[in-house]
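Visitor: Structure: model.cif, mmCIF, C-alpha atoms.
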```
data_target
loop_
_atom_site.group_PDB
_atom_site.id
_atom_site.type_symbol
_atom_site.label_atom_id
_atom_site.label_comp_id
_atom_site.auth_asym_id
_atom_site.auth_seq_id
_atom_site.Cartn_x
_atom_site.Cartn_y
_atom_site.Cartn_z
ATOM 1 C CA MET A 10 -73.051 56.127 -63.916
ATOM 2 C CA ASN A 11 -76.677 55.792 -62.852
ATOM 3 C CA TRP A 12 -78.269 55.746 -66.324
ATOM 4 C CA GLN A 13 -81.852 55.740 -65.090
ATOM 5 C CA LYS A 14 -81.316 58.936 -63.084
ATOM 6 C CA PHE A 15 -79.260 60.355 -65.945
ATOM 7 C CA PHE A 16 -82.122 59.833 -68.370
ATOM 8 C CA THR A 17 -84.649 61.388 -65.961
ATOM 9 C CA ALA A 18 -82.333 64.382 -65.441
ATOM 10 C CA PHE A 19 -81.885 64.738 -69.224
ATOM 11 C CA ILE A 20 -85.657 64.752 -69.811
ATOM 12 C CA GLY A 21 -86.104 67.291 -66.999
ATOM 13 C CA ALA A 22 -83.355 69.505 -68.452
ATOM 14 C CA PHE A 23 -84.813 69.250 -71.970
ATOM 15 C CA ILE A 24 -88.325 70.248 -70.864
ATOM 16 C CA PHE A 25 -86.986 73.116 -68.755
ATOM 17 C CA LEU A 26 -84.629 74.465 -71.469
ATOM 18 C CA PHE A 27 -87.413 74.331 -74.054
ATOM 19 C CA VAL A 28 -90.095 75.982 -71.890
ATOM 20 C CA PHE A 29 -87.693 78.625 -70.558
ATOM 21 C CA GLY A 30 -86.536 79.348 -74.122
ATOM 22 C CA PHE A 31 -90.116 79.811 -75.279
ATOM 23 C CA LEU A 32 -90.962 82.123 -72.345
ATOM 24 C CA TRP A 33 -87.733 84.167 -72.283
ATOM 25 C CA TYR A 34 -86.625 84.381 -75.915
ATOM 26 C CA GLY A 35 -89.916 83.715 -77.670
ATOM 27 C CA THR A 36 -92.258 85.749 -75.473
ATOM 28 C CA LEU A 37 -90.459 88.163 -73.145
ATOM 29 C CA MET A 38 -87.889 89.189 -75.784
ATOM 30 C CA SER A 39 -90.297 89.086 -78.699
ATOM 31 C CA GLY A 40 -90.544 92.901 -78.858
ATOM 32 C CA ALA A 41 -86.751 93.283 -78.904
ATOM 33 C CA HIS A 42 -86.481 90.733 -81.717
ATOM 34 C CA GLN A 43 -89.175 92.579 -83.707
ATOM 35 C CA GLU A 44 -86.895 95.662 -83.790
ATOM 36 C CA VAL A 45 -84.531 93.773 -86.136
ATOM 37 C CA GLN A 46 -87.050 91.571 -87.946
ATOM 38 C CA ALA A 47 -84.754 90.919 -90.911
ATOM 39 C CA LEU A 48 -82.390 88.939 -88.688
ATOM 40 C CA PHE A 49 -85.033 86.381 -87.710
ATOM 41 C CA ARG A 50 -87.241 83.858 -89.465
ATOM 42 C CA THR A 51 -90.943 84.693 -89.501
ATOM 43 C CA LYS A 52 -91.634 81.308 -87.873
ATOM 44 C CA PRO A 53 -89.112 79.082 -86.094
ATOM 45 C CA ASP A 54 -88.030 75.935 -87.911
ATOM 46 C CA PHE A 55 -89.389 73.504 -85.296
ATOM 47 C CA PRO A 56 -87.528 70.279 -86.170
ATOM 48 C CA TRP A 57 -84.170 72.094 -85.778
ATOM 49 C CA LEU A 58 -85.411 73.867 -82.662
ATOM 50 C CA ILE A 59 -86.343 70.575 -80.996
ATOM 51 C CA LEU A 60 -83.198 68.746 -82.142
ATOM 52 C CA GLY A 61 -81.028 71.618 -80.904
ATOM 53 C CA HIS A 62 -82.626 71.522 -77.461
ATOM 54 C CA ILE A 63 -82.240 67.724 -77.266
ATOM 55 C CA VAL A 64 -78.519 67.934 -78.096
ATOM 56 C CA MET A 65 -78.020 70.848 -75.693
ATOM 57 C CA ALA A 66 -79.889 69.145 -72.830
ATOM 58 C CA PHE A 67 -78.195 65.764 -73.327
ATOM 59 C CA PHE A 68 -74.629 67.060 -73.337
ATOM 60 C CA PHE A 69 -75.254 69.624 -70.619
ATOM 61 C CA THR A 70 -76.620 66.810 -68.421
ATOM 62 C CA MET A 71 -73.573 64.706 -69.300
ATOM 63 C CA LEU A 72 -71.303 67.600 -68.344
ATOM 64 C CA CYS A 73 -73.046 68.059 -64.968
ATOM 65 C CA VAL A 74 -72.897 64.329 -64.202
ATOM 66 C CA ARG A 75 -69.193 64.058 -65.106
ATOM 67 C CA PHE A 76 -68.313 67.305 -63.366
ATOM 68 C CA ILE A 77 -70.294 66.729 -60.187
ATOM 69 C CA PRO A 78 -70.704 62.938 -59.955
ATOM 70 C CA ALA A 79 -72.239 63.155 -56.469
ATOM 71 C CA GLY A 80 -75.038 65.409 -57.743
ATOM 72 C CA GLY A 81 -76.367 68.353 -55.719
ATOM 73 C CA ALA A 82 -78.347 71.368 -56.867
ATOM 74 C CA GLY A 83 -75.964 74.069 -55.596
ATOM 75 C CA ALA A 84 -72.764 72.772 -57.195
ATOM 76 C CA SER A 85 -74.542 71.986 -60.468
ATOM 77 C CA ALA A 86 -76.141 75.449 -60.533
ATOM 78 C CA THR A 87 -72.665 76.982 -60.151
ATOM 79 C CA LEU A 88 -71.471 74.892 -63.092
ATOM 80 C CA GLY A 89 -74.567 76.033 -65.014
ATOM 81 C CA ILE A 90 -73.659 79.686 -64.418
ATOM 82 C CA LEU A 91 -70.133 79.091 -65.781
ATOM 83 C CA VAL A 92 -71.521 77.206 -68.791
ATOM 84 C CA GLY A 93 -73.928 80.115 -69.373
ATOM 85 C CA LEU A 94 -70.917 82.450 -69.388
ATOM 86 C CA VAL A 95 -69.028 80.255 -71.894
ATOM 87 C CA TYR A 96 -72.071 80.499 -74.208
ATOM 88 C CA ALA A 97 -72.403 84.252 -73.594
ATOM 89 C CA GLY A 98 -69.064 84.705 -75.412
ATOM 90 C CA PRO A 99 -70.413 83.789 -78.871
ATOM 91 C CA HIS A 100 -73.367 86.173 -78.320
ATOM 92 C CA VAL A 101 -70.936 89.011 -77.607
ATOM 93 C CA ILE A 102 -69.002 88.113 -80.781
ATOM 94 C CA SER A 103 -72.286 87.996 -82.756
ATOM 95 C CA PHE A 104 -73.045 91.514 -81.533
ATOM 96 C CA ALA A 105 -69.888 92.736 -83.304
ATOM 97 C CA VAL A 106 -70.783 91.130 -86.641
ATOM 98 C CA GLU A 107 -74.620 91.114 -86.708
ATOM 99 C CA PRO A 108 -76.714 94.275 -86.334
ATOM 100 C CA LEU A 109 -78.180 93.116 -83.011
ATOM 101 C CA THR A 110 -79.318 95.706 -80.475
ATOM 102 C CA THR A 111 -77.734 95.977 -77.014
ATOM 103 C CA LYS A 112 -81.152 95.043 -75.585
ATOM 104 C CA ILE A 113 -81.005 91.719 -77.451
ATOM 105 C CA LEU A 114 -77.386 91.118 -76.433
ATOM 106 C CA CYS A 115 -78.136 91.751 -72.744
ATOM 107 C CA GLY A 116 -81.323 89.655 -72.907
ATOM 108 C CA TRP A 117 -79.485 86.719 -74.484
ATOM 109 C CA ILE A 118 -76.624 86.841 -71.963
ATOM 110 C CA VAL A 119 -78.821 87.192 -68.859
ATOM 111 C CA GLY A 120 -81.300 84.622 -70.206
ATOM 112 C CA GLY A 121 -78.538 82.115 -70.951
ATOM 113 C CA VAL A 122 -76.949 82.400 -67.507
ATOM 114 C CA ILE A 123 -80.321 82.055 -65.720
ATOM 115 C CA GLN A 124 -81.358 79.207 -68.036
ATOM 116 C CA PHE A 125 -78.233 77.114 -67.449
ATOM 117 C CA ALA A 126 -78.086 77.920 -63.721
ATOM 118 C CA ILE A 127 -81.618 76.572 -63.217
ATOM 119 C CA ALA A 128 -81.059 73.661 -65.614
ATOM 120 C CA GLY A 129 -77.907 72.802 -63.634
ATOM 121 C CA ALA A 130 -79.776 72.942 -60.325
ATOM 122 C CA LEU A 131 -82.472 70.716 -61.803
ATOM 123 C CA VAL A 132 -79.976 68.131 -63.084
ATOM 124 C CA GLY A 133 -78.086 68.226 -59.775
ATOM 125 C CA ALA A 134 -81.300 67.720 -57.808
ATOM 126 C CA ILE A 135 -82.454 64.788 -59.959
ATOM 127 C CA TYR A 136 -79.195 62.928 -60.599
ATOM 128 C CA LYS A 137 -77.845 60.680 -57.865
ATOM 129 C CA PRO A 138 -75.004 58.196 -58.408
ATOM 130 C CA SER A 139 -75.739 54.471 -58.280
ATOM 131 C CA PRO A 140 -75.519 53.023 -54.751
ATOM 132 C CA PRO A 141 -72.384 50.877 -54.254
ATOM 133 C CA ALA A 142 -73.020 47.200 -55.000
ATOM 134 C CA THR A 143 -73.375 45.073 -51.865
ATOM 135 C CA SER A 144 -71.684 41.661 -51.739
ATOM 136 C CA MET B 6 -53.068 81.480 -59.850
ATOM 137 C CA LYS B 7 -49.995 81.938 -62.064
ATOM 138 C CA ARG B 8 -50.869 78.767 -63.998
ATOM 139 C CA PHE B 9 -54.482 79.910 -64.276
ATOM 140 C CA ILE B 10 -53.291 83.134 -65.928
ATOM 141 C CA PHE B 11 -50.818 81.284 -68.210
ATOM 142 C CA ALA B 12 -53.530 78.842 -69.273
ATOM 143 C CA PHE B 13 -55.913 81.727 -69.950
ATOM 144 C CA ILE B 14 -53.370 83.671 -72.031
ATOM 145 C CA ALA B 15 -52.217 80.652 -74.071
ATOM 146 C CA ALA B 16 -55.780 79.513 -74.828
ATOM 147 C CA TYR B 17 -56.827 83.069 -75.609
ATOM 148 C CA VAL B 18 -53.982 83.580 -78.100
ATOM 149 C CA PHE B 19 -54.991 80.327 -79.806
ATOM 150 C CA ILE B 20 -58.711 81.150 -80.003
ATOM 151 C CA PHE B 21 -57.950 84.632 -81.339
ATOM 152 C CA LEU B 22 -55.726 83.292 -84.135
ATOM 153 C CA TRP B 23 -58.192 80.465 -84.882
ATOM 154 C CA GLY B 24 -61.072 82.929 -85.123
ATOM 155 C CA TRP B 25 -59.068 85.158 -87.408
ATOM 156 C CA LEU B 26 -58.198 82.229 -89.711
ATOM 157 C CA LEU B 27 -61.789 81.000 -89.680
ATOM 158 C CA GLY B 28 -63.116 84.448 -90.575
ATOM 159 C CA GLY B 29 -60.936 84.360 -93.697
ATOM 160 C CA VAL B 30 -61.836 80.787 -94.672
ATOM 161 C CA LEU B 31 -65.593 81.387 -94.252
ATOM 162 C CA GLN B 32 -65.606 84.711 -96.121
ATOM 163 C CA ASP B 33 -67.509 83.189 -99.073
ATOM 164 C CA VAL B 34 -70.166 81.687 -96.776
ATOM 165 C CA TYR B 35 -70.736 85.053 -95.083
ATOM 166 C CA THR B 36 -71.365 86.700 -98.439
ATOM 167 C CA GLN B 37 -74.295 84.303 -99.047
ATOM 168 C CA ALA B 38 -76.397 86.327 -96.591
ATOM 169 C CA PRO B 39 -75.014 89.881 -96.734
ATOM 170 C CA ASN B 40 -78.101 91.460 -95.120
ATOM 171 C CA LEU B 41 -77.464 89.555 -91.875
ATOM 172 C CA TRP B 42 -74.124 91.216 -91.139
ATOM 173 C CA ARG B 43 -72.963 94.659 -90.159
ATOM 174 C CA PRO B 44 -70.987 96.623 -92.767
ATOM 175 C CA LYS B 45 -67.235 95.902 -92.511
ATOM 176 C CA ASP B 46 -66.405 99.362 -91.143
ATOM 177 C CA GLU B 47 -68.996 99.000 -88.410
ATOM 178 C CA THR B 48 -67.644 95.557 -87.440
ATOM 179 C CA LYS B 49 -64.137 97.044 -87.288
ATOM 180 C CA SER B 50 -65.355 99.743 -84.921
ATOM 181 C CA LEU B 51 -66.897 97.024 -82.708
ATOM 182 C CA PHE B 52 -63.832 94.775 -82.813
ATOM 183 C CA HIS B 53 -63.298 95.112 -79.059
ATOM 184 C CA TRP B 54 -66.533 93.132 -78.570
ATOM 185 C CA ILE B 55 -64.959 90.204 -80.412
ATOM 186 C CA ILE B 56 -61.970 90.382 -78.055
ATOM 187 C CA ILE B 57 -64.266 90.568 -74.993
ATOM 188 C CA GLY B 58 -66.417 87.660 -76.252
ATOM 189 C CA GLN B 59 -63.408 85.423 -76.868
ATOM 190 C CA ALA B 60 -61.920 86.353 -73.481
ATOM 191 C CA LEU B 61 -65.221 85.493 -71.789
ATOM 192 C CA ILE B 62 -65.313 82.045 -73.422
ATOM 193 C CA ILE B 63 -61.768 81.256 -72.310
ATOM 194 C CA LEU B 64 -62.121 82.721 -68.806
ATOM 195 C CA ALA B 65 -65.260 80.695 -68.073
ATOM 196 C CA PHE B 66 -63.666 77.585 -69.639
ATOM 197 C CA VAL B 67 -60.549 77.831 -67.458
ATOM 198 C CA MET B 68 -62.721 78.485 -64.387
ATOM 199 C CA ILE B 69 -64.756 75.328 -65.063
ATOM 200 C CA TYR B 70 -61.588 73.319 -65.634
ATOM 201 C CA ALA B 71 -59.863 74.727 -62.546
ATOM 202 C CA SER B 72 -62.803 74.058 -60.281
ATOM 203 C CA GLY B 73 -63.689 70.539 -61.347
ATOM 204 C CA PHE B 74 -61.498 68.813 -63.877
ATOM 205 C CA ALA B 75 -58.131 69.995 -62.594
ATOM 206 C CA GLY B 76 -55.520 67.308 -62.113
ATOM 207 C CA GLY B 77 -56.805 65.275 -65.047
ATOM 208 C CA GLY B 78 -54.325 66.732 -67.508
ATOM 209 C CA VAL B 79 -54.725 67.065 -71.267
ATOM 210 C CA MET B 80 -57.406 64.365 -71.656
ATOM 211 C CA ALA B 81 -59.644 65.931 -68.998
ATOM 212 C CA GLY B 82 -59.305 69.299 -70.739
ATOM 213 C CA ILE B 83 -60.198 67.746 -74.091
ATOM 214 C CA ARG B 84 -63.207 65.951 -72.538
ATOM 215 C CA LEU B 85 -64.467 69.246 -71.119
ATOM 216 C CA GLY B 86 -63.958 70.968 -74.474
ATOM 217 C CA VAL B 87 -65.832 68.250 -76.365
ATOM 218 C CA LEU B 88 -68.811 68.206 -73.967
ATOM 219 C CA LEU B 89 -69.099 71.988 -73.964
ATOM 220 C CA GLU B 90 -68.815 72.206 -77.737
ATOM 221 C CA ILE B 91 -71.333 69.486 -78.564
ATOM 222 C CA ALA B 92 -73.844 71.220 -76.283
ATOM 223 C CA ALA B 93 -72.933 74.440 -78.143
ATOM 224 C CA ILE B 94 -73.714 72.699 -81.448
ATOM 225 C CA GLY B 95 -77.214 72.194 -80.015
ATOM 226 C CA MET B 96 -77.351 75.907 -79.354
ATOM 227 C CA ARG B 97 -76.249 76.628 -82.940
ATOM 228 C CA LEU B 98 -79.104 74.452 -84.209
ATOM 229 C CA VAL B 99 -81.521 76.475 -82.058
ATOM 230 C CA ILE B 100 -80.109 79.699 -83.522
ATOM 231 C CA TYR B 101 -80.415 78.232 -87.023
ATOM 232 C CA ALA B 102 -84.079 77.457 -86.275
ATOM 233 C CA VAL B 103 -84.828 81.118 -85.574
ATOM 234 C CA GLN B 104 -82.309 82.994 -87.744
ATOM 235 C CA PRO B 105 -82.004 82.539 -91.539
ATOM 236 C CA LEU B 106 -78.263 81.834 -91.365
ATOM 237 C CA PRO B 107 -76.683 79.808 -94.188
ATOM 238 C CA GLY B 108 -76.688 76.083 -93.302
ATOM 239 C CA LYS B 109 -73.043 75.857 -94.393
ATOM 240 C CA LEU B 110 -72.113 78.413 -91.744
ATOM 241 C CA ILE B 111 -73.684 76.266 -89.030
ATOM 242 C CA LEU B 112 -71.950 73.136 -90.367
ATOM 243 C CA TYR B 113 -68.498 74.667 -90.792
ATOM 244 C CA GLY B 114 -68.862 76.637 -87.551
ATOM 245 C CA SER B 115 -69.704 73.447 -85.648
ATOM 246 C CA VAL B 116 -66.823 71.413 -87.103
ATOM 247 C CA SER B 117 -64.321 74.193 -86.525
ATOM 248 C CA GLY B 118 -65.796 74.841 -83.059
ATOM 249 C CA LEU B 119 -65.217 71.228 -82.107
ATOM 250 C CA ILE B 120 -61.593 71.325 -83.278
ATOM 251 C CA GLU B 121 -61.136 74.660 -81.531
ATOM 252 C CA MET B 122 -62.467 73.454 -78.172
ATOM 253 C CA VAL B 123 -60.456 70.210 -78.325
ATOM 254 C CA ILE B 124 -57.298 72.288 -78.759
ATOM 255 C CA VAL B 125 -58.367 74.814 -76.099
ATOM 256 C CA GLY B 126 -59.029 71.907 -73.708
ATOM 257 C CA ALA B 127 -55.629 70.379 -74.473
ATOM 258 C CA ILE B 128 -53.845 73.713 -73.918
ATOM 259 C CA VAL B 129 -55.638 74.390 -70.624
ATOM 260 C CA GLY B 130 -55.180 70.786 -69.453
ATOM 261 C CA ALA B 131 -51.471 70.850 -70.263
ATOM 262 C CA ILE B 132 -50.778 74.163 -68.529
ATOM 263 C CA TYR B 133 -53.131 74.307 -65.553
ATOM 264 C CA LYS B 134 -52.308 72.093 -62.588
ATOM 265 C CA PRO B 135 -53.969 72.351 -59.201
ATOM 266 C CA ALA B 136 -51.541 73.074 -56.334
ATOM 267 C CA SER B 137 -51.918 69.551 -54.881
ATOM 268 C CA VAL B 138 -50.720 67.666 -57.972
ATOM 269 C CA ARG B 139 -47.879 69.955 -59.044
ATOM 270 C CA THR B 140 -44.473 68.347 -59.078
ATOM 271 C CA PRO B 141 -41.616 70.304 -57.472
#
```
Rewrite the structure of this file - the entire thing - as structure tokens.
Guide:
Amino acid sequence: MNWQKFFTAFIGAFIFLFVFGFLWYGTLMSGAHQEVQALFRTKPDFPWLILGHIVMAFFFTMLCVRFIPAGGAGASATLGILVGLVYAGPHVISFAVEPLTTKILCGWIVGGVIQFAIAGALVGAIYKPSPPATS
Amino acid sequence: MKRFIFAFIAAYVFIFLWGWLLGGVLQDVYTQAPNLWRPKDETKSLFHWIIIGQALIILAFVMIYASGFAGGGVMAGIRLGVLLEIAAIGMRLVIYAVQPLPGKLILYGSVSGLIEMVIVGAIVGAIYKPASVRTP
């Protein structure tokens, strides 16, 4: 594994996931979240928010690198879409047990798929395997 | 395709039973934050969403496995399950940062999620084989 490229891809994925999350969930969906205020904290707990994004970005990057070792934005974006769908499942389950609105459910699912598709493309574009050693 | 469907059904049956068991075990934790949940009757009327959500998880999992990890067997399935679940733990931490869920729920949910995805990966890896590596 090319660890230098891996680390760059991880940092890129982390920054993207965090900024996208702020724009999509924190800004664009803010009104929808306000409709069920009791389900959300008044202010996000930032240490957990940052740690969560680090863990998510690191292991998502690892998944892309193991899954598509040659890199490439298109293939990694496809993987990102599938990963977004895996994570859409728990949101659908949450909808059955938490009083979330359908607007929130749809926003979370669409946001997640877009987020991981772009993050995948980013990782695929940045990561390149190590060149074979020459003798 | 037949193996894809078998893998999907077997993993789905497991995740459904696991979820059902987990719901019972974590009952006390859920009652720590009663205002965060729908009333029981309402949840029952929305039960089909739980089935759809679980099916979506397994369908996307098998699709990822079939398109990239296939041929690696049980260990490759487990590896996929572990990577997906640890990234999902990150997502749980993000949810915990914005929703006042009990910390115990996040902890127990993450541990059980890891066990669940290891077993799902093993089931899918054991059943699904790409056409090129199948033995006659």
Visitor: Pick out the residues sitting within 12 Å of Ser103 of chain A, and hand them over as a ChimeraX atom specification; count all atoms listed in the file, and ignore anything fewer than 5 positions along from it in its own chain.
Guide: /A:48,96-98,108-111,113-114,117-118 /B:41-43,48,51-52,54-59,100
Visitor: Go through chain A residue by residue and, counting all atoms listed in the file, keep those with an atom at most 10 Å from chain B; for each kept residue give the shortest atom pair and its distance in Å to one decimal, ordered by chain and increasing number, as a tab-separated table.
Guide:
```
residue	atom	partner	partner_atom	distance
A:Gly30	CA	B:Val99	CA	9.8
A:Gly35	CA	B:Val103	CA	9.8
A:Gln46	CA	B:Gln104	CA	9.8
A:Ala47	CA	B:Leu41	CA	7.5
A:Leu48	CA	B:Leu41	CA	5.9
A:Phe49	CA	B:Gln104	CA	4.3
A:Arg50	CA	B:Gln104	CA	5.3
A:Thr51	CA	B:Val103	CA	8.1
A:Lys52	CA	B:Val103	CA	7.2
A:Pro53	CA	B:Val103	CA	4.8
A:Asp54	CA	B:Ala102	CA	4.5
A:Phe55	CA	B:Ala102	CA	6.7
A:Pro56	CA	B:Ala102	CA	8.0
A:Trp57	CA	B:Ala102	CA	5.4
A:Leu58	CA	B:Val99	CA	4.7
A:Ile59	CA	B:Val99	CA	7.7
A:Leu60	CA	B:Gly95	CA	7.2
A:Gly61	CA	B:Gly95	CA	4.0
A:His62	CA	B:Gly95	CA	6.0
A:Ile63	CA	B:Gly95	CA	7.3
A:Val64	CA	B:Gly95	CA	4.9
A:Met65	CA	B:Ala92	CA	4.2
A:Ala66	CA	B:Ala92	CA	7.3
A:Phe67	CA	B:Ala92	CA	7.6
A:Phe68	CA	B:Ala92	CA	5.2
A:Phe69	CA	B:Ala92	CA	6.1
A:Thr70	CA	B:Ala92	CA	9.4
A:Met71	CA	B:Leu88	CA	7.5
A:Leu72	CA	B:Leu88	CA	6.2
A:Cys73	CA	B:Leu88	CA	9.9
A:Arg75	CA	B:Phe74	CA	9.1
A:Phe76	CA	B:Gly73	CA	6.0
A:Ile77	CA	B:Gly73	CA	7.7
A:Thr87	CA	B:Ile69	CA	9.5
A:Leu88	CA	B:Ile69	CA	7.0
A:Gly89	CA	B:Ile69	CA	9.8
A:Ile90	CA	B:Ala65	CA	9.2
A:Leu91	CA	B:Ala65	CA	5.6
A:Val92	CA	B:Ala65	CA	7.2
A:Gly93	CA	B:Ala65	CA	8.8
A:Leu94	CA	B:Ala65	CA	6.1
A:Val95	CA	B:Ile62	CA	4.4
A:Tyr96	CA	B:Ile62	CA	7.0
A:Ala97	CA	B:Gly58	CA	7.4
A:Gly98	CA	B:Gly58	CA	4.1
A:Pro99	CA	B:Gly58	CA	6.1
A:His100	CA	B:Gly58	CA	7.4
A:Val101	CA	B:Gly58	CA	4.9
A:Ile102	CA	B:Ile55	CA	4.6
A:Ser103	CA	B:Ile55	CA	8.0
A:Phe104	CA	B:Trp54	CA	7.3
A:Ala105	CA	B:Leu51	CA	5.3
A:Val106	CA	B:Arg43	CA	5.4
A:Glu107	CA	B:Trp42	CA	4.5
A:Pro108	CA	B:Arg43	CA	5.4
A:Leu109	CA	B:Arg43	CA	9.0
```
Visitor: Just want the 10 Å neighbourhood of Ile120 of chain B, counted on only C-alpha atoms, with same-chain residues fewer than 3 positions away dropped. Output as a PyMOL selection string.
Guide: chain B and resi 23+83+86-87+90+114-117+123-126
Visitor: Ranking B:Val34, B:Ile10, B:Leu22, B:Ile132 by minimum distance to Ile111 of chain B and counting only C-alpha atoms, which one comes first?
Guide: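 The answer is B:Val34, which sits nearest to Ile111 of chain B.
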Visitor: Have a look at B:Tyr35, B:Tyr113, B:Tyr133, B:Phe9 and name the one nearest to Gly77 of chain B; count all atoms listed in the file.
Guide: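 Looking at the shortest contact to Gly77 of chain B, the residue is B:Tyr133.
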Visitor: Expanded to explicit residues, what is the PyMOL selection byres ((chain A and resi 83) around 9) for this file, as a PyMOL selection string?
Guide: chain A and resi 80-82+84-88+129-130+133-134
Visitor: Could you check how far atom CA of Phe29 of chain A sits from atom CA of Met10 of chain A, in Å to one decimal?
Guide: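 Interatomic distance here is 27.7 Å.
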Visitor: Quick one: pull the distance between atom CA of Ala41 of chain A and atom CA of Pro107 of chain B, Å, one decimal.
Guide: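 Pair atom CA of Ala41 of chain A / atom CA of Pro107 of chain B returns 22.7 Å.
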Visitor: Counting all atoms listed in the file, which of A:Gly121, A:Gly116, A:Val132, A:Pro138 gets nearest to Ser39 of chain A?
Guide: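 Among the listed residues, A:Gly116 lies closest to Ser39 of chain A.
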Visitor: In Å, how far is it from atom CA of Val129 of chain B to atom CA of Ala18 of chain A?
Guide: 29.0 Å
Visitor: Would you please work out which residue, of B:Ile128, B:Ala38, B:Met6, B:Ala81, is nearest to Ile20 of chain B when using all atoms listed in the file?
Guide: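 For Ile20 of chain B, the nearest of the candidates is B:Ile128.
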Visitor: Leaving out Gln13 of chain A and any residue of its chain fewer than 2 positions from it, which residues lie within 10 Å of it when counting all atoms listed in the file, given as a ChimeraX atom specification?
Guide: /A:10-11,15-19,136-139
Visitor: Determine the nearest neighbour of Gly120 of chain A from the options A:Ala79, A:Ile24, A:Trp33, A:Gly40, counting all atoms listed in the file.
Guide: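 When distances to Gly120 of chain A are compared using all atoms listed in the file, the smallest one comes from A:Trp33.
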Visitor: Mind giving me the axis-aligned box for segment 96-100 of chain B with 8 Å on every side, centre plus edges in Å to one decimal, as JSON?
Guide:
```
{"center_x": -78.9, "center_y": 77.1, "center_z": -81.8, "size_x": 21.3, "size_y": 21.2, "size_z": 20.9}
```
Visitor: For Ala128 of chain A, which of A:Leu37, A:Ile20, A:Leu26, A:Trp12 is the closest residue, counting all atoms listed in the file?
Guide: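 Among the listed residues, the smallest separation from Ala128 of chain A belongs to A:Leu26.
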